file coords_5.txt (compact mmCIF, C-alpha atoms)
# COMPACT_ATOMS: atom_id res chain seq x y z
CA MET A 1 156.21 156.44 93.89
CA PRO A 2 155.94 154.64 97.19
CA THR A 3 154.28 151.30 97.83
CA GLU A 4 152.58 151.54 101.19
CA GLY A 5 151.20 148.77 103.30
CA LYS A 6 151.05 148.41 107.06
CA GLY A 7 153.87 150.85 107.69
CA GLU A 8 156.10 149.51 104.91
CA THR A 9 157.05 151.91 102.16
CA VAL A 10 158.98 150.85 99.08
CA HIS A 11 159.88 153.53 96.56
CA ASN A 12 160.80 152.70 93.00
CA ARG A 13 162.14 154.28 89.84
CA ILE A 14 160.53 151.98 87.31
CA ALA A 15 158.65 154.75 85.50
CA MET A 16 161.80 156.86 85.22
CA LEU A 17 163.97 153.99 83.99
CA ARG A 18 161.31 152.93 81.54
CA ALA A 19 160.93 156.43 80.13
CA GLU A 20 164.71 156.84 79.99
CA ARG A 21 165.12 153.62 77.98
CA GLY A 22 162.06 154.20 75.81
CA VAL A 23 160.43 150.97 76.93
CA SER A 24 156.64 150.70 76.94
CA ARG A 25 154.70 149.15 79.80
CA ARG A 26 153.69 146.28 77.56
CA GLN A 27 157.29 145.61 76.53
CA LEU A 28 158.50 145.59 80.13
CA ALA A 29 155.55 143.43 81.22
CA GLY A 30 156.21 141.00 78.37
CA ALA A 31 159.87 140.66 79.34
CA LEU A 32 158.93 140.07 82.99
CA GLY A 33 156.01 137.74 82.28
CA VAL A 34 153.50 139.90 84.14
CA HIS A 35 150.40 141.84 83.10
CA TYR A 36 151.01 145.38 81.82
CA GLN A 37 148.69 146.65 84.55
CA THR A 38 151.03 145.16 87.15
CA VAL A 39 153.78 147.42 85.81
CA GLY A 40 151.33 150.32 86.10
CA TYR A 41 150.43 149.44 89.69
CA LEU A 42 154.15 149.13 90.53
CA GLU A 43 154.81 152.57 89.06
CA ARG A 44 151.90 154.09 90.96
CA GLY A 45 153.18 152.53 94.17
CA GLU A 46 150.03 150.45 94.62
CA TYR A 47 151.81 147.11 94.53
CA SER A 48 155.01 145.91 96.13
CA PRO A 49 156.77 143.22 94.06
CA SER A 50 158.14 139.93 95.30
CA LEU A 51 161.92 139.74 95.67
CA HIS A 52 162.01 137.56 92.56
CA LEU A 53 160.14 140.13 90.47
CA ALA A 54 162.20 143.00 91.91
CA LEU A 55 165.42 141.24 90.93
CA ARG A 56 164.07 140.55 87.44
CA ILE A 57 163.09 144.21 87.02
CA ALA A 58 166.60 145.27 88.05
CA GLY A 59 168.03 142.63 85.71
CA PHE A 60 165.93 143.93 82.81
CA PHE A 61 167.34 147.44 83.27
CA GLU A 62 170.82 145.98 83.94
CA VAL A 63 171.22 147.91 87.18
CA PRO A 64 171.62 146.79 90.80
CA VAL A 65 168.27 146.29 92.58
CA GLU A 66 168.92 149.24 94.92
CA VAL A 67 168.97 151.55 91.90
CA VAL A 68 165.33 150.62 91.21
CA PHE A 69 163.95 150.07 94.73
CA SER A 70 164.56 151.83 98.01
CA THR A 71 162.95 152.15 101.41
CA GLU A 72 163.90 155.83 101.35
CA PRO A 73 162.43 158.32 98.86
CA PHE A 74 164.66 158.84 95.82
CA PRO A 75 166.06 162.37 95.51
CA ARG A 76 164.28 164.40 92.85
CA ILE A 77 166.23 165.43 89.76
CA GLY A 78 168.01 168.72 90.50
CA GLN A 79 168.18 168.11 94.25
CA MET B 80 156.15 128.80 82.35
CA GLN B 81 154.37 126.93 79.55
CA PRO B 82 152.66 128.99 76.83
CA PRO B 83 148.88 129.15 77.32
CA SER B 84 146.86 126.42 75.60
CA PRO B 85 144.37 127.43 72.86
CA SER B 86 141.48 127.32 75.35
CA ASP B 87 143.46 129.46 77.82
CA GLN B 88 144.23 131.91 75.03
CA ALA B 89 140.52 132.15 74.26
CA LYS B 90 139.75 132.87 77.93
CA LEU B 91 142.47 135.53 78.03
CA ARG B 92 141.22 137.17 74.84
CA LYS B 93 137.74 137.41 76.34
CA VAL B 94 138.85 138.91 79.65
CA GLU B 95 141.67 141.09 78.34
CA SER B 96 139.84 142.62 75.39
CA PRO B 97 140.61 146.37 75.39
CA ARG B 98 136.91 147.20 75.18
CA LEU B 99 136.11 145.16 78.29
CA ARG B 100 139.10 146.52 80.20
CA ARG B 101 138.17 150.10 79.33
CA ALA B 102 134.62 149.45 80.48
CA TRP B 103 135.72 148.13 83.86
CA ALA B 104 138.82 150.27 84.49
CA SER B 105 137.00 152.73 86.72
CA ARG B 106 136.59 151.70 90.34
CA THR B 107 133.53 153.97 90.65
CA ARG B 108 131.81 152.07 87.85
CA ARG B 109 132.77 148.70 89.36
CA ARG B 110 131.39 149.81 92.72
CA LEU B 111 128.12 150.96 91.11
CA TYR B 112 127.68 147.57 89.45
CA THR B 113 128.48 145.84 92.74
CA LEU B 114 125.77 147.90 94.46
CA LEU B 115 123.33 147.13 91.65
CA TYR B 116 124.15 143.44 92.01
CA LEU B 117 123.58 143.54 95.78
CA ALA B 118 120.27 145.36 95.21
CA LEU B 119 119.19 142.59 92.83
CA ILE B 120 120.15 139.94 95.39
CA LEU B 121 118.06 141.81 97.94
CA ALA B 122 115.15 142.04 95.49
CA GLY B 123 115.46 138.30 94.85
CA THR B 124 115.37 137.70 98.60
CA VAL B 125 112.17 139.75 98.97
CA MET B 126 110.58 137.94 96.02
CA LEU B 127 111.43 134.56 97.51
CA ILE B 128 109.92 135.54 100.85
CA GLY B 129 106.74 136.47 99.01
CA SER B 130 106.83 133.40 96.76
CA GLU B 131 104.50 131.45 99.06
CA ARG B 132 101.69 133.72 97.96
CA VAL B 133 102.27 132.88 94.29
CA GLN B 134 100.55 129.52 94.85
CA ASP B 135 97.37 131.33 95.86
CA LEU B 136 97.31 133.48 92.73
CA PRO B 137 94.97 132.68 89.83
CA THR B 138 96.70 130.77 86.99
CA GLY B 139 96.65 133.83 84.72
CA MET B 140 98.67 135.81 87.27
CA LYS B 141 101.21 133.10 88.02
CA PHE B 142 103.00 133.31 84.67
CA PRO B 143 103.75 137.06 84.77
CA VAL B 144 105.09 136.67 88.32
CA LEU B 145 107.24 133.71 87.28
CA GLY B 146 108.41 135.81 84.32
CA VAL B 147 109.56 138.56 86.69
CA PHE B 148 111.42 135.90 88.74
CA THR B 149 113.14 134.59 85.62
CA VAL B 150 114.17 138.05 84.39
CA ALA B 151 115.54 139.00 87.83
CA TYR B 152 117.47 135.72 88.03
CA ALA B 153 118.89 136.23 84.52
CA ALA B 154 119.94 139.79 85.45
CA VAL B 155 121.73 138.49 88.56
CA MET B 156 123.55 135.83 86.52
CA LEU B 157 124.52 138.37 83.84
CA LEU B 158 125.86 140.79 86.44
CA VAL B 159 127.84 138.16 88.31
CA THR B 160 129.37 136.98 85.02
CA GLN B 161 130.39 140.54 84.18
CA LEU B 162 131.83 141.09 87.66
CA ASN B 163 133.79 137.84 87.35
CA ARG B 164 135.25 139.03 84.05
CA ALA B 165 135.98 142.52 85.39
CA THR B 166 137.91 141.10 88.33
CA ARG B 167 139.41 138.18 86.33
CA MET B 168 137.74 135.69 88.66
CA SER B 169 136.74 133.82 85.50
CA LEU B 170 140.39 133.08 84.68
CA PRO B 171 142.19 130.04 86.09
CA HIS B 172 144.91 130.70 88.67
CA ARG B 173 147.66 129.62 86.27
CA LEU B 174 146.92 132.54 83.93
CA LEU B 175 147.42 135.20 86.60
CA ASP B 176 150.64 136.98 87.54
CA GLU B 177 151.89 137.39 91.11
CA ARG B 178 149.93 140.60 91.82
CA GLN B 179 146.69 139.16 90.46
CA ARG B 180 147.21 135.97 92.46
CA ALA B 181 147.86 137.97 95.63
CA GLU B 182 144.67 139.97 95.06
CA ARG B 183 142.63 136.82 94.43
CA ASP B 184 144.07 135.17 97.53
CA ALA B 185 143.13 138.23 99.61
CA ALA B 186 139.59 138.13 98.15
CA HIS B 187 139.25 134.44 99.01
CA ARG B 188 140.55 135.02 102.55
CA PHE B 189 138.04 137.83 103.08
CA SER B 190 135.20 135.75 101.62
CA GLN B 191 136.09 132.68 103.66
CA GLN B 192 136.07 134.70 106.87
CA THR B 193 132.81 136.44 105.97
CA MET B 194 131.11 133.17 105.01
CA GLY B 195 132.34 131.61 108.25
CA GLY B 196 130.81 134.47 110.25
CA LEU B 197 127.56 134.29 108.29
CA LEU B 198 127.21 130.51 108.66
CA ILE B 199 127.89 130.65 112.39
CA THR B 200 125.28 133.44 112.75
CA VAL B 201 122.70 131.43 110.77
CA PHE B 202 123.47 128.33 112.82
CA VAL B 203 123.04 130.19 116.12
CA VAL B 204 119.83 131.93 115.01
CA VAL B 205 118.27 128.69 113.68
CA ALA B 206 119.35 126.81 116.82
CA VAL B 207 117.82 129.46 119.10
CA VAL B 208 114.59 129.58 117.06
CA THR B 209 114.35 125.77 116.95
CA ILE B 210 114.90 125.40 120.68
CA ASN B 211 112.47 128.17 121.65
CA GLU B 212 109.67 127.81 119.11
CA PRO B 213 106.42 126.18 120.22
CA LEU B 214 105.82 122.72 118.76
CA ASP B 215 102.80 123.85 116.72
CA VAL B 216 104.80 126.53 114.83
CA GLU B 217 106.35 125.39 111.56
CA PHE B 218 109.40 126.94 109.96
CA PRO B 219 108.11 128.10 106.55
CA SER B 220 109.83 126.32 103.67
CA THR B 221 110.09 129.59 101.72
CA LEU B 222 112.35 130.98 104.45
CA ALA B 223 114.65 127.98 104.08
CA LEU B 224 114.74 128.63 100.33
CA THR B 225 115.43 132.32 100.94
CA LEU B 226 118.24 131.52 103.34
CA LEU B 227 119.76 129.12 100.83
CA TRP B 228 119.50 131.79 98.11
CA VAL B 229 121.32 134.39 100.23
CA LEU B 230 124.03 131.96 101.38
CA THR B 231 124.60 130.62 97.86
CA MET B 232 124.80 134.04 96.24
CA VAL B 233 127.13 135.39 98.93
CA HIS B 234 129.35 132.34 98.61
CA VAL B 235 129.44 132.44 94.81
CA SER B 236 129.95 136.14 94.29
CA LEU B 237 131.65 137.63 97.34
CA PRO B 238 135.25 137.30 96.04
CA ALA B 239 134.31 139.11 92.81
CA CYS B 240 132.35 141.78 94.71
CA TYR B 241 135.27 142.29 97.09
CA LEU B 242 137.76 142.68 94.24
CA ALA B 243 135.44 144.97 92.25
CA TRP B 244 135.12 147.14 95.35
CA VAL B 245 138.76 147.38 96.47
CA GLN B 246 140.78 147.27 93.25
CA PRO B 247 141.99 150.75 92.33
CA ASP B 248 141.40 152.30 88.91
CA GLU B 249 143.21 150.15 86.39
CA PRO B 250 146.29 151.68 84.72
CA VAL B 251 145.59 152.53 81.09
CA ASP B 252 147.07 150.54 78.25
CA ASP B 253 150.31 152.35 77.87
CA THR B 254 151.58 154.94 75.50
CA GLY B 255 155.06 154.72 76.93
CA GLU B 256 154.28 157.52 79.37
CA PRO B 257 154.24 156.90 83.11
CA ASP B 258 150.78 156.96 84.71
CA GLU B 259 150.01 160.23 86.42
CA SER B 260 147.37 158.98 88.85

call {"tool": "encode", "arguments": {"input": "coords_5.txt", "output": "structure tokens"}}
result
Amino acid sequence: MPTEGKGETVHNRIAMLRAERGVSRRQLAGALGVHYQTVGYLERGEYSPSLHLALRIAGFFEVPVEVVFSTEPFPRIGQ
Amino acid sequence: MQPPSPSDQAKLRKVESPRLRRAWASRTRRRLYTLLYLALILAGTVMLIGSERVQDLPTGMKFPVLGVFTVAYAAVMLLVTQLNRATRMSLPHRLLDERQRAERDAAHRFSQQTMGGLLITVFVVVAVVTINEPLDVEFPSTLALTLLWVLTMVHVSLPACYLAWVQPDEPVDDTGEPDES
């Protein structure tokens, strides 16, 4: 799920982490103080978050930020 | 961040109602409404150009023509209100999150640049016409009105039209499943 813009690509694992923890988009959005559609756009790779929001997303899942975001594609499960 | 005031909550309820969001989620639909809106602006422009002739009409004919003007104007206002709601332009900045603010800022940048280009073009054209026109030729007042109509409508609605055009399909209200689009 890359976020592309002018040659910049940021991949994220928000959808996977959310599904893994059984958290809905609305719940995550509520905890982050953003609109649920923003979570959807992040998951679809159509929006790149600010550093502040990225850190808060990582904080919500209690993982380091590089577990959620990467400039390289994340390996697929089974690879 | 402070919790929204009762009036802000009312604005949010209006714009974020699931029915409204479902209606405007599709970019294709938003683009169709934008095109319809632009067509109405164009129709209004043509009607204003022809408005000089309304004065020459018999009294019985004036009222139906004015009625058509009123209906077209109401349709334009209705559409621009709907587009403002669809793109959340009707919400104050403080009620938006960082993505929505970034999108609105981009829309305002685009609109500011476009309006700048349009105003400079109008200025140059009017200056050239004024300098070159013979003294006995008058600039028709209906054209001034038409120009004002176009400039006002572009200025008022361009950010909403831009957002309606470029925003991707909205993610659905979630079921806990990641979006597949």

call {"tool": "interface_residues", "arguments": {"input": "coords_5.txt", "of": "chain A", "to": "chain B", "cutoff": "8 Å", "atoms": "all atoms listed in the file", "output": "list in words"}}
result
Ala15, Met16, Arg18, Ala19, Gly22, Val23, Ser24, Arg25, Arg26, Gly33, Val34, His35, Tyr36, Gln37, Thr38, Gly40, Tyr41, Glu43, Arg44, Tyr47, Pro49 and Ser50 of chain A

call {"tool": "atom_distance", "arguments": {"input": "coords_5.txt", "atom1": "atom CA of B:Arg110", "atom2": "atom CA of B:Cys240"}}
result
8.3 Å

call {"tool": "residues_around", "arguments": {"input": "coords_5.txt", "residues": "B:Glu182", "least_positions_apart": "5", "cutoff": "10 Å", "atoms": "all atoms listed in the file", "output": "PDB file with C-alpha atoms, in the frame of the given file"}}
result
ATOM      1  CA  THR B 166     137.910 141.100  88.330  1.00  0.00           C
ATOM      2  CA  GLU B 177     151.890 137.390  91.110  1.00  0.00           C
ATOM      3  CA  HIS B 187     139.250 134.440  99.010  1.00  0.00           C
ATOM      4  CA  ARG B 188     140.550 135.020 102.550  1.00  0.00           C
ATOM      5  CA  PRO B 238     135.250 137.300  96.040  1.00  0.00           C
ATOM      6  CA  TYR B 241     135.270 142.290  97.090  1.00  0.00           C
ATOM      7  CA  LEU B 242     137.760 142.680  94.240  1.00  0.00           C
ATOM      8  CA  VAL B 245     138.760 147.380  96.470  1.00  0.00           C
ATOM      9  CA  GLN B 246     140.780 147.270  93.250  1.00  0.00           C
TER      10      GLN B 246
END

call {"tool": "residues_around", "arguments": {"input": "coords_5.txt", "residues": "A:Glu72", "least_positions_apart": "5", "cutoff": "9 Å", "atoms": "all atoms listed in the file", "output": "JSON, numbers by chain"}}
result
{"A": [9, 10, 11]}

call {"tool": "write_last_selection", "arguments": {"input": "coords_5.txt", "atoms": "C-alpha atoms", "output": "compact mmCIF listing (two decimals), in the frame of the given file"}}
result
# COMPACT_ATOMS: atom_id res chain seq x y z
CA THR A 9 157.05 151.91 102.16
CA VAL A 10 158.98 150.85 99.08
CA HIS A 11 159.88 153.53 96.56

call {"tool": "atom_distance", "arguments": {"input": "coords_5.txt", "atom1": "atom CA of B:Ala154", "atom2": "atom CA of B:Leu119"}}
result
7.9 Å

call {"tool": "atom_distance", "arguments": {"input": "coords_5.txt", "atom1": "atom CA of B:Ala181", "atom2": "atom CA of B:Leu115"}}
result
26.5 Å

call {"tool": "closest_residue", "arguments": {"input": "coords_5.txt", "among": "B:Thr193, B:Ile199, B:Ala153, B:Asp184", "to": "B:His172", "atoms": "all atoms listed in the file"}}
result
B:Asp184

call {"tool": "residues_around", "arguments": {"input": "coords_5.txt", "residues": "B:Ala102", "least_positions_apart": "2", "cutoff": "12 Å", "atoms": "only C-alpha atoms", "output": "PyMOL selection string"}}
result
chain B and resi 94-100+104-109+112+161-162+164-166+248-249+251

call {"tool": "decode", "arguments": {"input": "coords_5.txt", "residues": "stretch 104-247 of chain B", "atoms": "C-alpha atoms", "output": "PDB file, in the first residue's frame"}}
result
ATOM      1  CA  ALA B 104     -18.532   8.938  -2.346  1.00  0.00           C
ATOM      2  CA  SER B 105     -18.144   8.256  -6.046  1.00  0.00           C
ATOM      3  CA  ARG B 106     -15.725  10.492  -7.902  1.00  0.00           C
ATOM      4  CA  THR B 107     -17.594   9.829 -11.175  1.00  0.00           C
ATOM      5  CA  ARG B 108     -20.787  11.201  -9.650  1.00  0.00           C
ATOM      6  CA  ARG B 109     -18.959  14.230  -8.224  1.00  0.00           C
ATOM      7  CA  ARG B 110     -17.423  14.914 -11.628  1.00  0.00           C
ATOM      8  CA  LEU B 111     -20.829  14.661 -13.330  1.00  0.00           C
ATOM      9  CA  TYR B 112     -22.294  17.197 -10.913  1.00  0.00           C
ATOM     10  CA  THR B 113     -19.291  19.475 -11.464  1.00  0.00           C
ATOM     11  CA  LEU B 114     -19.872  19.311 -15.224  1.00  0.00           C
ATOM     12  CA  LEU B 115     -23.583  19.990 -14.725  1.00  0.00           C
ATOM     13  CA  TYR B 116     -22.701  22.968 -12.546  1.00  0.00           C
ATOM     14  CA  LEU B 117     -20.298  24.341 -15.171  1.00  0.00           C
ATOM     15  CA  ALA B 118     -22.969  23.864 -17.848  1.00  0.00           C
ATOM     16  CA  LEU B 119     -25.412  25.888 -15.727  1.00  0.00           C
ATOM     17  CA  ILE B 120     -22.823  28.642 -15.281  1.00  0.00           C
ATOM     18  CA  LEU B 121     -22.377  28.679 -19.042  1.00  0.00           C
ATOM     19  CA  ALA B 122     -26.150  28.797 -19.561  1.00  0.00           C
ATOM     20  CA  GLY B 123     -26.338  31.696 -17.093  1.00  0.00           C
ATOM     21  CA  THR B 124     -23.615  33.476 -19.045  1.00  0.00           C
ATOM     22  CA  VAL B 125     -25.527  33.069 -22.325  1.00  0.00           C
ATOM     23  CA  MET B 126     -28.749  34.269 -20.675  1.00  0.00           C
ATOM     24  CA  LEU B 127     -27.011  37.346 -19.301  1.00  0.00           C
ATOM     25  CA  ILE B 128     -25.569  38.183 -22.708  1.00  0.00           C
ATOM     26  CA  GLY B 129     -29.091  38.008 -24.114  1.00  0.00           C
ATOM     27  CA  SER B 130     -30.637  39.880 -21.179  1.00  0.00           C
ATOM     28  CA  GLU B 131     -30.464  43.216 -23.009  1.00  0.00           C
ATOM     29  CA  ARG B 132     -33.208  41.986 -25.287  1.00  0.00           C
ATOM     30  CA  VAL B 133     -35.523  41.275 -22.344  1.00  0.00           C
ATOM     31  CA  GLN B 134     -36.200  45.018 -22.046  1.00  0.00           C
ATOM     32  CA  ASP B 135     -37.629  45.021 -25.568  1.00  0.00           C
ATOM     33  CA  LEU B 136     -40.024  42.164 -24.860  1.00  0.00           C
ATOM     34  CA  PRO B 137     -43.725  42.801 -24.232  1.00  0.00           C
ATOM     35  CA  THR B 138     -44.627  42.837 -20.511  1.00  0.00           C
ATOM     36  CA  GLY B 139     -46.403  39.478 -20.760  1.00  0.00           C
ATOM     37  CA  MET B 140     -43.194  37.828 -21.989  1.00  0.00           C
ATOM     38  CA  LYS B 141     -40.881  39.431 -19.444  1.00  0.00           C
ATOM     39  CA  PHE B 142     -42.162  37.457 -16.457  1.00  0.00           C
ATOM     40  CA  PRO B 143     -41.651  33.963 -17.950  1.00  0.00           C
ATOM     41  CA  VAL B 144     -38.115  34.950 -18.987  1.00  0.00           C
ATOM     42  CA  LEU B 145     -37.383  36.328 -15.509  1.00  0.00           C
ATOM     43  CA  GLY B 146     -38.828  33.093 -14.101  1.00  0.00           C
ATOM     44  CA  VAL B 147     -36.348  31.058 -16.163  1.00  0.00           C
ATOM     45  CA  PHE B 148     -33.537  33.305 -14.842  1.00  0.00           C
ATOM     46  CA  THR B 149     -34.665  32.742 -11.260  1.00  0.00           C
ATOM     47  CA  VAL B 150     -34.950  28.959 -11.648  1.00  0.00           C
ATOM     48  CA  ALA B 151     -31.495  28.749 -13.281  1.00  0.00           C
ATOM     49  CA  TYR B 152     -29.995  30.895 -10.512  1.00  0.00           C
ATOM     50  CA  ALA B 153     -31.639  28.747  -7.818  1.00  0.00           C
ATOM     51  CA  ALA B 154     -30.314  25.585  -9.508  1.00  0.00           C
ATOM     52  CA  VAL B 155     -26.788  27.033  -9.538  1.00  0.00           C
ATOM     53  CA  MET B 156     -27.023  27.951  -5.844  1.00  0.00           C
ATOM     54  CA  LEU B 157     -28.399  24.501  -4.958  1.00  0.00           C
ATOM     55  CA  LEU B 158     -25.620  22.751  -6.855  1.00  0.00           C
ATOM     56  CA  VAL B 159     -22.853  24.870  -5.368  1.00  0.00           C
ATOM     57  CA  THR B 160     -24.247  24.214  -1.876  1.00  0.00           C
ATOM     58  CA  GLN B 161     -24.244  20.473  -2.550  1.00  0.00           C
ATOM     59  CA  LEU B 162     -20.711  20.591  -3.953  1.00  0.00           C
ATOM     60  CA  ASN B 163     -19.564  22.530  -0.884  1.00  0.00           C
ATOM     61  CA  ARG B 164     -21.041  19.855   1.363  1.00  0.00           C
ATOM     62  CA  ALA B 165     -19.632  17.008  -0.731  1.00  0.00           C
ATOM     63  CA  THR B 166     -16.127  18.451  -0.514  1.00  0.00           C
ATOM     64  CA  ARG B 167     -16.543  19.731   3.084  1.00  0.00           C
ATOM     65  CA  MET B 168     -15.895  23.291   1.928  1.00  0.00           C
ATOM     66  CA  SER B 169     -18.870  24.246   4.106  1.00  0.00           C
ATOM     67  CA  LEU B 170     -17.006  23.199   7.261  1.00  0.00           C
ATOM     68  CA  PRO B 171     -14.700  25.590   9.112  1.00  0.00           C
ATOM     69  CA  HIS B 172     -10.976  24.816   8.983  1.00  0.00           C
ATOM     70  CA  ARG B 173     -10.877  23.894  12.676  1.00  0.00           C
ATOM     71  CA  LEU B 174     -13.166  20.900  12.099  1.00  0.00           C
ATOM     72  CA  LEU B 175     -10.906  19.291   9.493  1.00  0.00           C
ATOM     73  CA  ASP B 176      -8.083  16.823  10.078  1.00  0.00           C
ATOM     74  CA  GLU B 177      -4.607  17.164   8.566  1.00  0.00           C
ATOM     75  CA  ARG B 178      -5.457  15.386   5.282  1.00  0.00           C
ATOM     76  CA  GLN B 179      -8.607  17.430   4.762  1.00  0.00           C
ATOM     77  CA  ARG B 180      -6.728  20.642   5.541  1.00  0.00           C
ATOM     78  CA  ALA B 181      -3.974  19.711   3.081  1.00  0.00           C
ATOM     79  CA  GLU B 182      -6.584  19.033   0.385  1.00  0.00           C
ATOM     80  CA  ARG B 183      -8.357  22.322   1.059  1.00  0.00           C
ATOM     81  CA  ASP B 184      -5.065  24.214   0.989  1.00  0.00           C
ATOM     82  CA  ALA B 185      -4.217  22.620  -2.375  1.00  0.00           C
ATOM     83  CA  ALA B 186      -7.670  23.595  -3.704  1.00  0.00           C
ATOM     84  CA  HIS B 187      -7.197  27.194  -2.553  1.00  0.00           C
ATOM     85  CA  ARG B 188      -3.716  27.352  -4.099  1.00  0.00           C
ATOM     86  CA  PHE B 189      -5.067  26.082  -7.418  1.00  0.00           C
ATOM     87  CA  SER B 190      -8.015  28.489  -7.302  1.00  0.00           C
ATOM     88  CA  GLN B 191      -5.850  31.461  -6.377  1.00  0.00           C
ATOM     89  CA  GLN B 192      -3.519  30.788  -9.297  1.00  0.00           C
ATOM     90  CA  THR B 193      -6.417  30.248 -11.713  1.00  0.00           C
ATOM     91  CA  MET B 194      -8.209  33.406 -10.562  1.00  0.00           C
ATOM     92  CA  GLY B 195      -4.955  35.341 -10.895  1.00  0.00           C
ATOM     93  CA  GLY B 196      -4.554  34.130 -14.483  1.00  0.00           C
ATOM     94  CA  LEU B 197      -8.185  34.897 -15.288  1.00  0.00           C
ATOM     95  CA  LEU B 198      -8.074  38.414 -13.816  1.00  0.00           C
ATOM     96  CA  ILE B 199      -4.860  39.254 -15.650  1.00  0.00           C
ATOM     97  CA  THR B 200      -6.406  37.978 -18.918  1.00  0.00           C
ATOM     98  CA  VAL B 201      -9.562  40.051 -18.363  1.00  0.00           C
ATOM     99  CA  PHE B 202      -7.476  43.104 -17.510  1.00  0.00           C
ATOM    100  CA  VAL B 203      -5.350  42.750 -20.659  1.00  0.00           C
ATOM    101  CA  VAL B 204      -8.362  42.134 -22.921  1.00  0.00           C
ATOM    102  CA  VAL B 205     -10.334  45.091 -21.480  1.00  0.00           C
ATOM    103  CA  ALA B 206      -7.250  47.317 -21.685  1.00  0.00           C
ATOM    104  CA  VAL B 207      -6.640  46.382 -25.327  1.00  0.00           C
ATOM    105  CA  VAL B 208     -10.330  46.859 -26.235  1.00  0.00           C
ATOM    106  CA  THR B 209     -10.495  50.198 -24.389  1.00  0.00           C
ATOM    107  CA  ILE B 210      -7.358  51.530 -26.043  1.00  0.00           C
ATOM    108  CA  ASN B 211      -8.324  50.401 -29.547  1.00  0.00           C
ATOM    109  CA  GLU B 212     -12.083  50.954 -29.644  1.00  0.00           C
ATOM    110  CA  PRO B 213     -13.416  53.982 -31.527  1.00  0.00           C
ATOM    111  CA  LEU B 214     -14.834  56.712 -29.286  1.00  0.00           C
ATOM    112  CA  ASP B 215     -18.395  56.239 -30.576  1.00  0.00           C
ATOM    113  CA  VAL B 216     -18.503  52.532 -29.564  1.00  0.00           C
ATOM    114  CA  GLU B 217     -19.858  51.837 -26.092  1.00  0.00           C
ATOM    115  CA  PHE B 218     -19.020  48.790 -24.008  1.00  0.00           C
ATOM    116  CA  PRO B 219     -22.436  47.169 -23.418  1.00  0.00           C
ATOM    117  CA  SER B 220     -23.369  47.091 -19.739  1.00  0.00           C
ATOM    118  CA  THR B 221     -24.706  43.531 -20.095  1.00  0.00           C
ATOM    119  CA  LEU B 222     -21.190  42.366 -20.969  1.00  0.00           C
ATOM    120  CA  ALA B 223     -19.866  43.936 -17.777  1.00  0.00           C
ATOM    121  CA  LEU B 224     -22.589  42.107 -15.854  1.00  0.00           C
ATOM    122  CA  THR B 225     -21.741  38.856 -17.643  1.00  0.00           C
ATOM    123  CA  LEU B 226     -18.059  39.255 -16.874  1.00  0.00           C
ATOM    124  CA  LEU B 227     -18.853  39.909 -13.222  1.00  0.00           C
ATOM    125  CA  TRP B 228     -21.090  36.808 -13.147  1.00  0.00           C
ATOM    126  CA  VAL B 229     -18.346  34.568 -14.554  1.00  0.00           C
ATOM    127  CA  LEU B 230     -15.627  35.987 -12.293  1.00  0.00           C
ATOM    128  CA  THR B 231     -17.828  35.766  -9.187  1.00  0.00           C
ATOM    129  CA  MET B 232     -18.955  32.205  -9.846  1.00  0.00           C
ATOM    130  CA  VAL B 233     -15.421  31.034 -10.635  1.00  0.00           C
ATOM    131  CA  HIS B 234     -14.110  32.695  -7.496  1.00  0.00           C
ATOM    132  CA  VAL B 235     -16.866  31.327  -5.268  1.00  0.00           C
ATOM    133  CA  SER B 236     -16.974  27.762  -6.513  1.00  0.00           C
ATOM    134  CA  LEU B 237     -13.605  26.836  -7.988  1.00  0.00           C
ATOM    135  CA  PRO B 238     -12.137  25.293  -4.789  1.00  0.00           C
ATOM    136  CA  ALA B 239     -15.192  23.029  -4.403  1.00  0.00           C
ATOM    137  CA  CYS B 240     -15.161  22.116  -8.113  1.00  0.00           C
ATOM    138  CA  TYR B 241     -11.439  21.337  -7.921  1.00  0.00           C
ATOM    139  CA  LEU B 242     -11.889  19.099  -4.875  1.00  0.00           C
ATOM    140  CA  ALA B 243     -14.953  17.368  -6.334  1.00  0.00           C
ATOM    141  CA  TRP B 244     -12.922  16.637  -9.458  1.00  0.00           C
ATOM    142  CA  VAL B 245      -9.650  15.400  -7.934  1.00  0.00           C
ATOM    143  CA  GLN B 246     -10.671  13.649  -4.713  1.00  0.00           C
ATOM    144  CA  PRO B 247     -10.601   9.882  -5.182  1.00  0.00           C
TER     145      PRO B 247
END
